[in-house]
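One structure is given here, and the rest of the page talks about it.
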Amino acid sequence: MIKIAPSILSADFSKLGEEIKSLDKCKVDLVHIDVMDGSFVPNISFGIPIIKSIRHLTKIPFDVHLMIEEPARYVKDFVDAGADIITVHFEADRHLDRTVDYIKSLGVKASVALNPATLVDNVKYLIPKLDMILIMSVNPGFGGQKYIEYCDSKIKYVKELADKYNKDLMIEVDGGITKDNIARVVRKGANVIVAGSSVFRGETIEDNIRILREEF
Ligand code: DX5
Ligand code: ZN
């Protein structure tokens, strides 16, 4: 089962509530929420109060992607705000094993993200206890960038490791996914697809999601 996770980074923030309700109507699998601190990535997005304020609008799980330095400091706040999956970056945390245990101890799903140039083997030993791996297929910080082609082989390699060590692992791909490459990343092994601009730009949210779903 392939999950679609629209990234609200590309939503119209002046009507964020309505946008969330549209996602709810489309029964998307996850709502992907990009938190940026202006230090780990060169952009600042939104944080805990925004997540709290939209939590009551839908029951769809919140997939919170923390692009922040030393994320463990804030994990509990994001869980309290309503996160169901917490992703921390390999590059932002010196004690990843401990942070993964900590996230799970709070009763939510734990996930680790890898920047495009980061080797998958860095997290190989964590795979058995992770709920999800997030493969960044653009450099994190902004929506609307172009998919980096070499990420195809990273997805394929994660899928091989998952087949060996954790058959339930969710393999999420984030960045530059469109109707033209979604089928390919699914073929490589991705089973959770983040889509920002391809959901919120162009046609209506409903049409865009239908167009993406038609591809696999
Ligand atoms: C980038 C974010 C992505 C972004 C994806 O740092 O992690 O989730 O919103 O946007 P698109 O789908 O437009 O590349
Ligand atoms: Zn993201």
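Going by the structure tokens order, chains are called A, B, ..., each with residues numbered from 1, while ligands are numbered from 1 in the order shown.
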Inset, instruction - Please identify every polymer residue within 7 Å of ligand 1, using only C-alpha atoms and all ligand atoms, and present the set as a list in words. - result: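 What falls inside 7 Å of ligand 1 is Ser7, Ile8, Leu9, Ser10, His32, Asp34, His65, Val138, Asn139, Pro140, Gly141, Phe142, Gly143, Gly144, Gln145, Lys146, Asp174, Gly175, Gly176, Ile177, Val194, Ala195, Gly196, Ser197 and Ser198 of chain A.
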Legend entry - Shell around stretch 181-186 of chain A at 7 Å using only C-alpha atoms, local window under 4 positions removed, as a PyMOL selection string: chain A and resi 152+177+190-191+215-216
Would you export the selected residues with C-alpha atoms as a compact mmCIF listing (two decimals), in the first residue's frame, please?
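Contents of the output file again-v6.txt:
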```txt
# COMPACT_ATOMS: atom_id res chain seq x y z
CA ASP A 152 16.95 6.42 -7.14
CA ILE A 177 8.05 14.26 -6.62
CA ALA A 190 9.43 3.93 -1.83
CA ASN A 191 6.10 3.39 -0.09
CA GLU A 215 0.28 6.91 -11.62
CA PHE A 216 0.61 3.81 -9.45
```
Inset, instruction - Excluding stretch 92-98 of chain A and residues on its chain fewer than 4 positions from it, collect all residues at most 10 Å away from it, counting only C-alpha atoms, and give them as number ranges by chain. - result: A: 40, 66-72, 88, 102-103, 112-114, 123, 125-126, 129-130
Legend entry - Residue list (helix (DSSP H, G or I), DSSP) for stretch 72-155 of chain A, as a VMD selection string: chain A and resid 72 to 81 90 to 92 96 to 105 120 to 129 151 to 155
Legend entry - Straight-line distance linking atom CA of A:Ala83 with atom CA of A:Leu161, stated in Å to one decimal: 26.6 Å
Legend entry - Those in stretch 1-209 of chain A with strand (DSSP E or B) from DSSP, as a PyMOL selection string: chain A and resi 3-7+31-37+44+62-67+85-89+109-114+132-136+170-174+192-195
Inset, instruction - Considering only C-alpha atoms, return as a list in words whatever protein or nucleic-acid residues lie within 7 Å of A:Lys52, sequence-local ones (same chain, fewer than 4 positions apart) excluded. - result: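 Contacts, with the query itself left out: Ile48, Ala81 and Gly82 of chain A.
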Inset, instruction - Would you mind reading off the distance between atom CA of A:Ile171 and atom CA of A:Glu18, one decimal, in Å? - result: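 For atom CA of A:Ile171 relative to atom CA of A:Glu18, the distance reads 28.7 Å.
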Legend entry - Spatial neighbours of A:Ile86, max dist 6 Å, only C-alpha atoms, sep filter under 2 positions, as a list in words: Val64, Ala110 and Ser111 of chain A
Would you export the selected residues with N, CA and C atoms as a PDB file, in the first residue's frame, please?
```
ATOM      1  N   VAL A  64       5.712  14.515  11.130  1.00  0.00           N
ATOM      2  CA  VAL A  64       6.441  15.760  11.415  1.00  0.00           C
ATOM      3  C   VAL A  64       7.929  15.588  11.103  1.00  0.00           C
ATOM      4  N   ALA A 110       9.049   6.430  15.082  1.00  0.00           N
ATOM      5  CA  ALA A 110      10.353   7.080  14.948  1.00  0.00           C
ATOM      6  C   ALA A 110      10.904   6.907  13.542  1.00  0.00           C
ATOM      7  N   SER A 111      11.446   8.001  13.022  1.00  0.00           N
ATOM      8  CA  SER A 111      11.977   7.991  11.657  1.00  0.00           C
ATOM      9  C   SER A 111      13.244   8.842  11.586  1.00  0.00           C
TER      10      SER A 111
END
```
Legend entry - Which of A:Ser53, A:Thr87, A:Ser22, A:Asn122 sits closest to ligand 2 [using only C-alpha atoms and all ligand atoms]: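 Among the listed residues, the smallest separation from ligand 2 belongs to A:Thr87.
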